[in-house]
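Source file: entry.cif (mmCIF, C-alpha atoms)
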```
data_work
loop_
_atom_site.label_atom_id
_atom_site.label_comp_id
_atom_site.auth_asym_id
_atom_site.auth_seq_id
_atom_site.Cartn_x
_atom_site.Cartn_y
_atom_site.Cartn_z
CA ARG A 164 0.00 0.00 0.00
CA LEU A 165 1.39 3.37 -1.02
CA GLU A 166 2.27 5.80 1.76
CA THR A 167 -0.16 8.68 2.31
CA ARG A 168 0.53 11.71 4.44
CA LEU A 169 -1.00 15.15 4.99
CA SER A 170 1.13 18.19 4.17
CA ARG A 171 1.22 21.25 6.42
CA ARG A 172 1.40 23.41 3.31
CA ARG A 173 -2.18 22.45 2.39
CA LEU A 174 -3.67 25.06 4.74
CA ALA A 175 -1.52 27.83 3.24
CA VAL A 176 -2.50 26.77 -0.28
CA LEU A 177 -6.19 26.85 0.65
CA ALA A 178 -5.86 30.24 2.41
CA VAL A 179 -4.06 31.95 -0.48
CA PHE A 180 -6.48 30.56 -3.06
CA SER A 181 -9.51 31.63 -1.01
CA CYS A 182 -8.07 35.15 -0.70
CA TYR A 183 -7.45 35.79 -4.38
CA SER A 184 -10.79 34.18 -5.25
CA LEU A 185 -12.31 36.66 -2.77
CA VAL A 186 -10.66 39.62 -4.54
CA ASN A 187 -11.87 38.38 -7.93
CA ALA A 188 -15.48 38.19 -6.68
CA PHE A 189 -15.10 41.64 -5.10
CA GLN A 190 -14.01 43.06 -8.46
CA TRP A 191 -17.05 41.49 -10.12
CA ILE A 192 -19.60 43.17 -7.84
CA GLN A 193 -17.86 46.53 -7.18
CA TYR A 194 -19.43 48.21 -10.24
CA SER A 195 -23.02 46.97 -10.02
CA ILE A 196 -23.38 47.92 -6.35
CA LEU A 197 -22.44 51.50 -7.38
CA SER A 198 -24.29 51.60 -10.70
CA ASN A 199 -25.50 55.18 -10.34
CA VAL A 200 -22.04 56.40 -9.26
CA PHE A 201 -20.15 54.79 -12.15
CA ALA A 202 -22.84 55.69 -14.71
CA GLY A 203 -22.45 59.34 -13.72
CA PHE A 204 -18.65 59.16 -13.52
CA TYR A 205 -18.09 57.58 -16.94
CA GLY A 206 -21.10 59.26 -18.57
CA VAL A 207 -22.68 55.99 -19.74
CA THR A 208 -26.05 54.26 -19.41
CA PHE A 209 -27.04 51.74 -16.76
CA PRO A 210 -27.06 48.83 -19.27
CA GLN A 211 -23.43 49.66 -20.05
CA ILE A 212 -22.63 49.44 -16.34
CA ASP A 213 -24.52 46.12 -16.19
CA TRP A 214 -22.11 44.76 -18.81
CA LEU A 215 -19.28 45.24 -16.33
CA SER A 216 -20.87 42.39 -14.38
CA MET A 217 -22.29 40.40 -17.30
CA VAL A 218 -18.83 40.11 -18.88
CA TYR A 219 -17.93 37.60 -16.14
CA MET A 220 -20.68 35.22 -17.30
CA VAL A 221 -20.13 35.83 -21.01
CA ALA A 222 -16.36 35.18 -20.80
CA TYR A 223 -16.69 31.95 -18.81
CA VAL A 224 -18.60 29.76 -21.25
CA PRO A 225 -16.26 29.88 -24.30
CA LEU A 226 -13.08 29.83 -22.22
CA ILE A 227 -13.83 27.02 -19.78
CA LEU A 228 -12.67 24.15 -22.00
CA PRO A 229 -9.28 25.77 -22.82
CA ALA A 230 -8.87 26.57 -19.11
CA THR A 231 -9.60 23.03 -17.95
CA TRP A 232 -7.30 21.65 -20.66
CA LEU A 233 -4.53 23.90 -19.33
CA LEU A 234 -5.21 22.71 -15.77
CA ASP A 235 -4.91 19.08 -16.84
CA ALA A 236 -1.99 19.55 -19.25
CA ARG A 237 0.16 22.07 -17.34
CA GLY A 238 -1.02 21.58 -13.79
CA LEU A 239 -2.38 23.31 -10.72
CA ARG A 240 0.49 25.74 -10.06
CA LEU A 241 0.45 27.40 -13.50
CA THR A 242 -3.34 27.67 -13.49
CA ALA A 243 -3.29 29.25 -10.03
CA LEU A 244 -0.60 31.73 -11.09
CA LEU A 245 -2.62 32.68 -14.19
CA GLY A 246 -5.74 33.29 -12.13
CA ALA A 247 -3.92 35.41 -9.53
CA GLY A 248 -1.80 37.22 -12.15
CA LEU A 249 -4.69 38.18 -14.44
CA ASN A 250 -6.65 39.26 -11.38
CA ALA A 251 -3.83 41.68 -10.45
CA LEU A 252 -3.39 42.86 -14.05
CA GLY A 253 -7.09 43.70 -14.36
CA ALA A 254 -6.97 45.59 -11.05
CA TRP A 255 -4.01 47.72 -12.23
CA LEU A 256 -5.69 48.46 -15.57
CA LYS A 257 -8.67 49.84 -13.65
CA CYS A 258 -6.32 52.32 -12.00
CA GLY A 259 -5.70 53.76 -15.47
CA SER A 260 -9.42 54.39 -15.97
CA LEU A 261 -9.73 56.98 -13.19
CA ALA A 262 -11.16 59.71 -15.41
CA PRO A 263 -14.49 60.36 -17.14
CA GLN A 264 -14.84 59.02 -20.68
CA ARG A 265 -12.56 56.07 -19.94
CA TYR A 266 -15.33 53.49 -19.84
CA PRO A 267 -13.73 51.36 -22.63
CA LEU A 268 -10.57 50.96 -20.54
CA THR A 269 -12.45 49.96 -17.39
CA LEU A 270 -14.51 47.48 -19.46
CA THR A 271 -11.27 46.01 -20.85
CA ALA A 272 -9.88 45.74 -17.31
CA GLN A 273 -13.03 43.99 -16.12
CA ALA A 274 -12.79 41.60 -19.08
CA VAL A 275 -9.26 40.66 -17.91
CA CYS A 276 -10.67 39.96 -14.43
CA ALA A 277 -13.41 37.88 -16.06
CA VAL A 278 -10.76 35.75 -17.80
CA ALA A 279 -9.00 35.37 -14.44
CA GLN A 280 -12.26 34.01 -13.02
CA VAL A 281 -12.13 31.14 -15.55
CA PHE A 282 -8.87 29.98 -13.95
CA ILE A 283 -10.32 30.35 -10.43
CA LEU A 284 -13.83 28.88 -10.26
CA GLY A 285 -12.81 25.36 -11.28
CA LEU A 286 -10.03 24.97 -8.71
CA PRO A 287 -11.81 24.33 -5.36
CA SER A 288 -12.43 20.62 -5.93
CA ARG A 289 -8.97 20.12 -7.51
CA ILE A 290 -7.19 21.80 -4.57
CA ALA A 291 -9.30 19.83 -2.08
CA SER A 292 -8.61 16.48 -3.78
CA VAL A 293 -4.88 16.98 -4.40
CA TRP A 294 -3.99 18.46 -1.00
CA PHE A 295 -6.54 17.22 1.57
CA GLY A 296 -7.33 13.87 3.13
CA PRO A 297 -10.60 11.88 2.84
CA THR A 298 -12.01 13.20 6.12
CA GLU A 299 -11.48 16.87 5.24
CA VAL A 300 -11.79 17.06 1.45
CA SER A 301 -15.42 18.28 1.35
CA THR A 302 -14.81 20.87 4.06
CA ALA A 303 -11.74 22.13 2.17
CA CYS A 304 -13.81 22.45 -1.02
CA ALA A 305 -16.48 24.37 0.91
CA VAL A 306 -13.86 26.76 2.34
CA ALA A 307 -12.45 27.36 -1.15
CA VAL A 308 -15.95 28.15 -2.45
CA LEU A 309 -16.52 30.31 0.64
CA GLY A 310 -13.73 32.69 -0.42
CA ASN A 311 -15.66 33.65 -3.55
CA GLN A 312 -18.86 34.16 -1.60
CA LEU A 313 -17.09 36.27 1.01
CA GLY A 314 -15.72 38.46 -1.78
CA THR A 315 -19.27 39.10 -2.99
CA ALA A 316 -20.37 39.94 0.57
CA ILE A 317 -17.50 42.43 1.00
CA GLY A 318 -18.41 43.80 -2.43
CA PHE A 319 -21.90 44.59 -1.12
CA LEU A 320 -20.52 46.34 1.97
CA LEU A 321 -17.24 48.11 1.19
CA PRO A 322 -17.67 50.06 -2.11
CA PRO A 323 -20.62 52.18 -0.92
CA VAL A 324 -18.55 53.17 2.12
CA LEU A 325 -15.41 53.98 0.10
CA VAL A 326 -17.18 55.74 -2.77
CA PRO A 327 -20.13 57.89 -1.63
CA ASN A 328 -22.12 59.48 -4.42
CA THR A 329 -20.79 63.04 -5.02
CA PRO A 330 -22.25 64.01 -8.43
CA ASN A 331 -21.31 67.66 -7.95
CA ASP A 332 -17.64 66.93 -7.28
CA ILE A 333 -16.19 64.63 -9.95
CA ASP A 334 -12.63 65.12 -8.66
CA LEU A 335 -13.60 63.87 -5.22
CA MET A 336 -15.45 60.96 -6.83
CA ALA A 337 -12.33 60.06 -8.85
CA HIS A 338 -10.23 60.26 -5.67
CA ASN A 339 -12.58 57.91 -3.81
CA ILE A 340 -12.76 55.45 -6.71
CA GLY A 341 -8.95 55.60 -6.87
CA ILE A 342 -8.68 54.54 -3.23
CA MET A 343 -10.81 51.47 -4.01
CA PHE A 344 -9.01 50.65 -7.27
CA TYR A 345 -5.46 51.10 -5.99
CA GLY A 346 -6.22 49.24 -2.75
CA THR A 347 -7.60 46.30 -4.75
CA ALA A 348 -4.57 46.35 -7.09
CA ILE A 349 -2.07 46.30 -4.23
CA VAL A 350 -3.83 43.43 -2.46
CA SER A 351 -4.13 41.48 -5.74
CA THR A 352 -0.43 41.92 -6.48
CA LEU A 353 0.54 40.75 -2.99
CA LEU A 354 -1.64 37.65 -3.42
CA PHE A 355 -0.05 36.94 -6.80
CA PHE A 356 3.41 36.84 -5.21
CA LEU A 357 2.10 34.71 -2.34
CA THR A 358 0.65 32.29 -4.89
CA GLY A 359 4.10 31.94 -6.45
CA VAL A 360 5.64 31.20 -3.05
CA VAL A 361 2.97 28.91 -1.57
CA PHE A 362 1.55 26.92 -4.49
CA GLU A 363 3.18 23.67 -5.53
CA GLU A 364 1.88 21.21 -8.08
CA LYS A 365 1.14 18.59 -5.41
CA PRO A 366 2.41 17.55 -1.97
CA LYS A 367 5.37 15.20 -1.62
CA TYR A 368 3.12 12.39 -0.45
CA PRO A 369 -0.46 11.86 -1.69
CA PRO A 370 -3.06 12.75 0.99
CA SER A 371 -5.37 9.83 0.14
CA HIS A 372 -5.33 6.43 -1.54
CA SER A 373 -7.50 7.76 -4.39
CA GLN A 374 -4.77 10.32 -5.17
CA ALA A 375 -2.07 7.67 -4.78
CA VAL A 376 -3.77 5.51 -7.41
CA LEU A 377 -3.93 8.43 -9.84
CA GLN A 378 -0.28 9.35 -9.28
CA ILE A 379 1.06 5.89 -10.17
CA LYS A 380 -0.60 6.05 -13.59
CA PRO A 381 1.85 7.04 -16.38
CA PRO A 382 1.22 10.63 -17.60
CA GLU A 383 1.18 9.48 -21.21
CA ASP A 384 -1.97 7.46 -20.47
CA TYR A 385 -3.95 10.70 -20.00
CA SER A 386 -6.06 12.17 -22.82
CA TYR A 387 -8.03 15.39 -22.24
CA LYS A 388 -10.27 14.70 -25.23
CA GLN A 389 -11.03 11.20 -23.98
CA SER A 390 -11.71 12.60 -20.50
CA ILE A 391 -14.36 14.95 -21.93
CA ILE A 392 -15.91 12.06 -23.91
CA ASN A 393 -15.98 9.89 -20.81
CA LEU A 394 -17.71 12.63 -18.80
CA PHE A 395 -20.42 13.09 -21.42
CA LYS A 396 -20.97 9.31 -21.53
CA ASN A 397 -21.44 9.30 -17.75
CA ILE A 398 -25.24 9.48 -17.31
CA PRO A 399 -25.17 10.34 -13.57
CA PHE A 400 -22.79 13.23 -14.33
CA ILE A 401 -25.05 14.53 -17.14
CA LEU A 402 -28.02 14.51 -14.74
CA LEU A 403 -25.94 16.37 -12.16
CA LEU A 404 -24.67 18.80 -14.81
CA ILE A 405 -28.23 19.84 -15.67
CA SER A 406 -29.55 19.89 -12.10
CA TYR A 407 -26.51 21.88 -10.87
CA GLY A 408 -27.00 24.39 -13.69
CA ILE A 409 -30.67 24.80 -12.79
CA MET A 410 -30.04 25.41 -9.09
CA THR A 411 -27.04 27.70 -9.42
CA GLY A 412 -28.51 29.53 -12.42
CA ALA A 413 -31.67 30.19 -10.39
CA PHE A 414 -29.57 31.62 -7.57
CA TYR A 415 -27.72 33.89 -10.01
CA SER A 416 -31.05 35.09 -11.39
CA VAL A 417 -32.58 35.78 -7.97
CA SER A 418 -29.44 37.65 -6.86
CA THR A 419 -29.35 39.76 -10.04
CA LEU A 420 -33.04 40.72 -9.95
CA LEU A 421 -33.38 41.00 -6.17
CA ASN A 422 -33.24 44.81 -6.18
CA GLN A 423 -35.98 44.99 -8.81
CA MET A 424 -38.19 42.52 -6.91
CA ILE A 425 -37.81 44.33 -3.59
CA VAL A 426 -38.35 47.84 -4.97
CA THR A 427 -41.50 46.70 -6.80
CA HIS A 428 -43.21 45.90 -3.48
CA TYR A 429 -41.24 48.21 -1.16
CA GLU A 430 -40.72 51.52 -2.90
CA GLY A 431 -37.65 53.48 -1.83
CA GLU A 432 -36.06 50.53 -0.01
CA GLU A 433 -32.95 50.23 -2.21
CA VAL A 434 -30.66 50.16 0.83
CA ASN A 435 -32.58 47.30 2.42
CA ALA A 436 -32.57 45.47 -0.92
CA GLY A 437 -28.78 45.51 -0.75
CA ARG A 438 -28.90 44.28 2.84
CA ILE A 439 -31.20 41.43 1.87
CA GLY A 440 -28.72 40.51 -0.87
CA LEU A 441 -25.96 40.53 1.74
CA THR A 442 -28.12 38.29 3.96
CA LEU A 443 -28.46 35.79 1.10
CA VAL A 444 -24.68 35.66 0.62
CA VAL A 445 -23.75 35.45 4.32
CA ALA A 446 -26.37 32.77 5.01
CA GLY A 447 -25.03 30.88 1.99
CA MET A 448 -21.50 31.01 3.40
CA VAL A 449 -22.73 29.35 6.58
CA GLY A 450 -24.64 26.80 4.52
CA SER A 451 -21.55 25.94 2.47
CA ILE A 452 -19.42 25.21 5.53
CA ILE A 453 -22.12 23.16 7.26
CA CYS A 454 -22.76 21.11 4.12
CA GLY A 455 -19.02 20.52 3.66
CA LEU A 456 -18.59 19.34 7.25
CA TRP A 457 -21.66 17.12 6.96
CA LEU A 458 -20.33 15.43 3.80
CA ASP A 459 -16.96 14.72 5.41
CA TYR A 460 -18.74 13.20 8.40
CA THR A 461 -21.39 11.12 6.61
CA LYS A 462 -20.33 10.69 2.94
CA THR A 463 -24.06 10.75 2.09
CA TYR A 464 -23.60 12.69 -1.15
CA LYS A 465 -26.82 11.93 -3.01
CA GLN A 466 -29.08 12.05 0.04
CA THR A 467 -27.65 15.38 1.21
CA THR A 468 -27.78 16.88 -2.30
CA LEU A 469 -31.40 15.81 -2.77
CA ILE A 470 -32.51 17.10 0.65
CA VAL A 471 -30.82 20.48 0.10
CA TYR A 472 -32.42 20.69 -3.36
CA ILE A 473 -35.90 20.03 -1.90
CA LEU A 474 -35.37 22.55 0.91
CA SER A 475 -34.20 25.15 -1.66
CA PHE A 476 -37.43 24.56 -3.60
CA ILE A 477 -39.53 25.00 -0.45
CA GLY A 478 -37.54 28.12 0.45
CA LEU A 479 -38.12 29.69 -2.97
CA VAL A 480 -41.86 28.90 -2.83
CA VAL A 481 -42.13 30.55 0.61
CA PHE A 482 -40.04 33.53 -0.57
CA THR A 483 -42.28 33.92 -3.65
CA PHE A 484 -45.59 33.97 -1.80
CA THR A 485 -44.46 36.11 1.16
CA LEU A 486 -42.60 38.76 -0.83
CA ASP A 487 -45.64 41.04 -1.17
CA LEU A 488 -46.93 40.78 2.40
CA GLY A 489 -45.55 44.22 3.29
CA TYR A 490 -43.12 43.08 6.01
CA LEU A 491 -39.43 43.53 5.18
CA THR A 492 -38.47 41.43 8.21
CA VAL A 493 -40.19 38.43 6.61
CA VAL A 494 -38.23 39.03 3.38
CA PHE A 495 -34.96 39.13 5.35
CA VAL A 496 -35.79 35.78 6.98
CA THR A 497 -37.02 34.00 3.84
CA GLY A 498 -34.11 35.45 1.82
CA GLY A 499 -31.64 34.17 4.40
CA VAL A 500 -33.15 30.68 4.36
CA LEU A 501 -33.11 30.68 0.55
CA GLY A 502 -29.46 31.72 0.44
CA PHE A 503 -28.50 29.14 3.09
CA PHE A 504 -29.72 26.21 1.03
CA MET A 505 -29.14 27.45 -2.54
CA THR A 506 -25.53 28.51 -1.89
CA GLY A 507 -24.90 25.57 0.44
CA TYR A 508 -25.60 23.41 -2.61
CA LEU A 509 -22.47 24.68 -4.46
CA PRO A 510 -19.80 22.56 -2.70
CA LEU A 511 -22.23 19.62 -2.67
CA GLY A 512 -22.43 19.68 -6.45
CA PHE A 513 -18.65 19.94 -6.87
CA GLU A 514 -17.88 17.07 -4.51
CA PHE A 515 -20.68 14.82 -5.78
CA ALA A 516 -19.33 15.32 -9.32
CA VAL A 517 -15.82 14.33 -8.25
CA GLU A 518 -17.15 11.18 -6.60
CA ILE A 519 -19.21 9.92 -9.54
CA THR A 520 -16.59 10.81 -12.19
CA TYR A 521 -13.37 9.56 -10.48
CA PRO A 522 -10.70 9.15 -11.84
CA GLU A 523 -11.49 11.97 -14.32
CA SER A 524 -10.03 15.40 -13.62
CA GLU A 525 -11.72 17.39 -10.84
CA GLY A 526 -11.03 20.62 -12.71
CA THR A 527 -12.84 19.43 -15.83
CA SER A 528 -15.96 18.28 -13.99
CA SER A 529 -16.08 21.47 -11.92
CA GLY A 530 -15.50 23.61 -15.00
CA LEU A 531 -18.39 21.99 -16.85
CA LEU A 532 -20.65 22.45 -13.82
CA ASN A 533 -19.77 26.14 -13.70
CA ALA A 534 -20.34 26.52 -17.45
CA SER A 535 -23.79 24.96 -17.05
CA ALA A 536 -24.52 27.37 -14.19
CA GLN A 537 -23.48 30.39 -16.29
CA ILE A 538 -25.65 29.33 -19.25
CA PHE A 539 -28.72 28.67 -17.09
CA GLY A 540 -27.99 31.89 -15.18
CA ILE A 541 -28.04 34.02 -18.32
CA VAL A 542 -31.23 32.38 -19.66
CA PHE A 543 -33.04 32.49 -16.29
CA THR A 544 -32.07 36.12 -15.68
CA LEU A 545 -33.39 37.20 -19.10
CA VAL A 546 -36.66 35.24 -18.81
CA GLN A 547 -37.32 36.02 -15.14
CA GLY A 548 -36.50 39.69 -15.77
CA LYS A 549 -39.00 39.81 -18.64
CA LEU A 550 -41.72 38.10 -16.55
CA THR A 551 -41.02 40.40 -13.58
CA THR A 552 -41.24 43.53 -15.74
CA ASP A 553 -44.29 42.51 -17.79
CA TYR A 554 -46.26 40.78 -15.04
CA SER A 555 -44.91 40.66 -11.46
CA PRO A 556 -42.02 39.33 -9.37
CA ARG A 557 -44.28 36.41 -8.42
CA ALA A 558 -44.56 35.31 -12.06
CA GLY A 559 -40.77 35.31 -12.45
CA ASN A 560 -40.24 33.37 -9.23
CA ILE A 561 -42.88 30.77 -10.14
CA PHE A 562 -40.95 30.22 -13.38
CA LEU A 563 -37.85 29.43 -11.31
CA CYS A 564 -39.83 27.19 -8.93
CA ALA A 565 -40.99 25.07 -11.87
CA TRP A 566 -37.41 24.58 -13.07
CA ILE A 567 -36.10 23.73 -9.60
CA PHE A 568 -38.85 21.09 -9.30
CA VAL A 569 -37.45 19.57 -12.52
CA GLY A 570 -34.02 19.68 -10.88
CA ILE A 571 -35.33 17.68 -7.90
CA ILE A 572 -36.51 14.91 -10.25
CA LEU A 573 -33.17 14.84 -12.08
CA THR A 574 -31.24 14.68 -8.79
CA ALA A 575 -33.39 11.78 -7.58
CA LEU A 576 -32.46 9.86 -10.77
CA ILE A 577 -28.67 10.17 -10.19
CA LYS A 578 -27.02 6.85 -9.41
CA SER A 579 -24.84 7.33 -6.33
CA ASP A 580 -21.64 5.58 -7.40
CA LEU A 581 -19.06 6.92 -4.93
CA ARG A 582 -15.91 5.85 -6.79
CA ARG A 583 -13.37 8.04 -4.99
CA HIS A 584 -14.79 7.10 -1.57
CA ASN A 585 -14.65 3.42 -2.47
CA VAL A 586 -10.97 3.70 -3.42
CA ASN A 587 -10.18 5.53 -0.18
CA SER A 588 -12.05 2.82 1.72
CA GLY A 589 -9.85 0.13 0.15
CA ILE A 590 -12.52 -1.63 -1.87
CA MET A 591 -10.76 -3.95 -4.31
CA ASN A 592 -11.39 -4.36 -8.03
CA LEU A 593 -13.30 -1.10 -8.21
CA ASP A 594 -14.87 -0.70 -11.62
CA VAL A 595 -13.90 2.83 -12.61
CA LYS A 596 -13.40 4.37 -16.02
CA ALA A 597 -9.75 4.87 -16.84
CA VAL A 598 -8.42 7.60 -19.13
CA PRO A 599 -8.27 6.82 -21.98
CA VAL A 600 -10.65 3.93 -22.38
CA ASP A 601 -8.11 1.74 -24.12
CA SER A 602 -5.33 2.33 -21.56
CA PRO A 603 -3.72 -0.84 -20.15
CA VAL A 604 -4.95 -2.29 -16.88
CA GLU A 605 -2.75 -1.57 -13.88
CA PRO A 606 -0.69 -4.54 -12.65
CA GLU A 607 -2.26 -6.75 -10.02
CA SER A 608 0.52 -5.85 -7.59
CA THR A 609 -0.87 -2.36 -6.99
CA THR A 610 -3.23 -1.79 -4.14
CA LEU A 611 -6.23 -1.37 -6.42
CA LYS A 612 -7.02 -2.75 -9.82
CA ILE A 613 -8.41 -0.08 -12.15
CA GLN A 614 -10.38 -1.62 -14.95
CA SER A 615 -10.55 0.16 -18.27
CA ALA A 616 -14.14 1.01 -19.08
CA LEU A 617 -17.58 0.56 -17.63
#
```

Using structure tokens, write down the structure that the file contains.
Amino acid sequence: RLETRLSRRRLAVLAVFSCYSLVNAFQWIQYSILSNVFAGFYGVTFPQIDWLSMVYMVAYVPLILPATWLLDARGLRLTALLGAGLNALGAWLKCGSLAPQRYPLTLTAQAVCAVAQVFILGLPSRIASVWFGPTEVSTACAVAVLGNQLGTAIGFLLPPVLVPNTPNDIDLMAHNIGIMFYGTAIVSTLLFFLTGVVFEEKPKYPPSHSQAVLQIKPPEDYSYKQSIINLFKNIPFILLLISYGIMTGAFYSVSTLLNQMIVTHYEGEEVNAGRIGLTLVVAGMVGSIICGLWLDYTKTYKQTTLIVYILSFIGLVVFTFTLDLGYLTVVFVTGGVLGFFMTGYLPLGFEFAVEITYPESEGTSSGLLNASAQIFGIVFTLVQGKLTTDYSPRAGNIFLCAWIFVGIILTALIKSDLRRHNVNSGIMNLDVKAVPVDSPVEPESTTLKIQSAL
């Protein structure tokens, strides 16, 4: 049996990744939370400011396959450095846009940050699998996801404090925006250098037997193209891909249109709409950690995923039919419950995908899940926005409820084949799909026999 050992460096790797993921999420939300300020500063329309956020979703879908190929072909360290480096580059480019009429430059800078996001969002499950042991892998993935959520939360809170609206004093506005931009650039640069110091491709010893099995396979046996084919032949993964996209896309849509929904029923409550959005994010952070800890303790991936999906559906139904009661306190509570379960689902989806697709790359499965979420998010936001504008927020939310109900059915159909957990548990002759399908069978002398194809 190959030696496994936990590395002390794993905590530093997780901390640095979570921090630069936080800064990337902060840069995504910093414009939209100050839409009126930036629209006045750059002299553009609100839809143009909205594109500073939409560019994150638009950039992700076409770039995710090249990014996951790079992760598999060149490794974790280079991908991490690209994510942190592009994040810092985009932040410094924003510092050059500190003058009216420089909207094209700030859009270009945000596009660079959007590309950085492609090299960030798919890493939580890869970092967790490569660096953490079987009893902490799901919690580590949840913490890595938490960094991004925390960045969004700080993005709700900090920019309005740093950049108050001063339409009659553009110079003061530019000064305040400069404080935010330069501060972000300095922090991003520091995190880039820390990434170079802390990140290694993998620890000296594998942290689990599932990683040990992967590491004894010859590198020439790996084929990215075959890995993608294998994933799309994996029926449980396809079901999870669609159900994950539905849930996460619905959360993106609710978050994007929350201000519009609140203001429709509570006129003049823009500030509280932002606070309700913050409540969704913070409650989701708690949900992510609890779900991660629960998975590490129980390994009940399908059952937990299905229960959280059902509770998210119930939460959205309650949120939909209590939104117009006239009590903001009720909206705060229902919004918090909704965020707790919908965001708590994120690490569940990542880890469940890794389990049912082992030994395929964690980065590829996570990247495809995120791409599905972005596509559903764009479609749901457009349709729900149209229904909300033409009819009412209730009509838009009922549309989402119907889709999440479909997601429950798809999740219930997923076959819970916990391949990685079985390897870590020492189950012999595990029937897992090797990469590529025609690769030779490992010798009988290894701890586990990996058979070629299902």

Please provide as a compact mmCIF listing (two decimals) with C-alpha atoms, in the coordinates of the input all residues within 9 Å of Leu354 in chain A, with the sequence filter that same-chain residues fewer than 3 positions apart are discarded (counting only C-alpha atoms).
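And here is the file that came out, out_21.txt:
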```
# COMPACT_ATOMS: atom_id res chain seq x y z
CA VAL A 179 -4.06 31.95 -0.48
CA PHE A 180 -6.48 30.56 -3.06
CA CYS A 182 -8.07 35.15 -0.70
CA TYR A 183 -7.45 35.79 -4.38
CA ALA A 247 -3.92 35.41 -9.53
CA GLY A 248 -1.80 37.22 -12.15
CA ALA A 251 -3.83 41.68 -10.45
CA ILE A 349 -2.07 46.30 -4.23
CA VAL A 350 -3.83 43.43 -2.46
CA SER A 351 -4.13 41.48 -5.74
CA LEU A 357 2.10 34.71 -2.34
CA THR A 358 0.65 32.29 -4.89
CA GLY A 359 4.10 31.94 -6.45
```

Notebook entry, point to check: Rounded to one decimal in Å, what is the spacing between CA of Thr527 in chain A and CA of Leu353 in chain A?
Noted result: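 So the answer is 28.3 Å.
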
Notebook entry, point to check: So how far away is CA of Ala565 in chain A from CA of Gly502 in chain A, in Å?
Noted result: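 The value is 18.1 Å.
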
Next item on the list: Determine the residue membership of the PyMOL selection byres ((chain A and resi 203-215) around 9) for the file above and supply it as a list in words.
Entry: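 Residues picked by the PyMOL selection byres ((chain A and resi 203-215) around 9): Trp191, Ile192, Tyr194, Ser195, Ser198, Asn199, Val200, Phe201, Ala202, Ser216, Met217, Val218, Tyr219, Ala262, Pro263, Gln264, Arg265, Tyr266, Thr269, Leu270, Gln273, Ala274, Pro330, Ile333, Met336 and Ala337 of chain A.
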
Output for the residues just chosen: C-alpha atoms as a compact mmCIF listing (two decimals), keeping the file's coordinate frame:
```txt
# COMPACT_ATOMS: atom_id res chain seq x y z
CA TRP A 191 -17.05 41.49 -10.12
CA ILE A 192 -19.60 43.17 -7.84
CA TYR A 194 -19.43 48.21 -10.24
CA SER A 195 -23.02 46.97 -10.02
CA SER A 198 -24.29 51.60 -10.70
CA ASN A 199 -25.50 55.18 -10.34
CA VAL A 200 -22.04 56.40 -9.26
CA PHE A 201 -20.15 54.79 -12.15
CA ALA A 202 -22.84 55.69 -14.71
CA SER A 216 -20.87 42.39 -14.38
CA MET A 217 -22.29 40.40 -17.30
CA VAL A 218 -18.83 40.11 -18.88
CA TYR A 219 -17.93 37.60 -16.14
CA ALA A 262 -11.16 59.71 -15.41
CA PRO A 263 -14.49 60.36 -17.14
CA GLN A 264 -14.84 59.02 -20.68
CA ARG A 265 -12.56 56.07 -19.94
CA TYR A 266 -15.33 53.49 -19.84
CA THR A 269 -12.45 49.96 -17.39
CA LEU A 270 -14.51 47.48 -19.46
CA GLN A 273 -13.03 43.99 -16.12
CA ALA A 274 -12.79 41.60 -19.08
CA PRO A 330 -22.25 64.01 -8.43
CA ILE A 333 -16.19 64.63 -9.95
CA MET A 336 -15.45 60.96 -6.83
CA ALA A 337 -12.33 60.06 -8.85
```

Can you list every residue of range 445-546 of chain A that has an atom at most 12 Å from range 282-290 of chain A, with its nearest atom pair and the distance in Å to one decimal, using all atoms listed in the file, ordered by chain then number, as a Markdown table?
```
| residue | atom | partner | partner_atom | distance |
| --- | --- | --- | --- | --- |
| A:Gly455 | CA | A:Ser288 | CA | 11.6 |
| A:Leu509 | CA | A:Pro287 | CA | 10.7 |
| A:Pro510 | CA | A:Ser288 | CA | 8.3 |
| A:Leu511 | CA | A:Ser288 | CA | 10.4 |
| A:Gly512 | CA | A:Ser288 | CA | 10.1 |
| A:Phe513 | CA | A:Ser288 | CA | 6.3 |
| A:Glu514 | CA | A:Ser288 | CA | 6.7 |
| A:Phe515 | CA | A:Ser288 | CA | 10.1 |
| A:Ala516 | CA | A:Ser288 | CA | 9.3 |
| A:Val517 | CA | A:Ser288 | CA | 7.5 |
| A:Glu518 | CA | A:Ser288 | CA | 10.6 |
| A:Tyr521 | CA | A:Arg289 | CA | 11.8 |
| A:Pro522 | CA | A:Arg289 | CA | 11.9 |
| A:Glu523 | CA | A:Arg289 | CA | 10.9 |
| A:Ser524 | CA | A:Arg289 | CA | 7.8 |
| A:Glu525 | CA | A:Arg289 | CA | 5.1 |
| A:Gly526 | CA | A:Gly285 | CA | 5.3 |
| A:Thr527 | CA | A:Gly285 | CA | 7.5 |
| A:Ser528 | CA | A:Gly285 | CA | 8.2 |
| A:Ser529 | CA | A:Gly285 | CA | 5.1 |
| A:Gly530 | CA | A:Gly285 | CA | 4.9 |
| A:Leu531 | CA | A:Gly285 | CA | 8.6 |
| A:Leu532 | CA | A:Gly285 | CA | 8.7 |
| A:Asn533 | CA | A:Leu284 | CA | 7.4 |
| A:Ala534 | CA | A:Gly285 | CA | 9.8 |
| A:Ala536 | CA | A:Leu284 | CA | 11.5 |
| A:Gln537 | CA | A:Leu284 | CA | 11.5 |
```
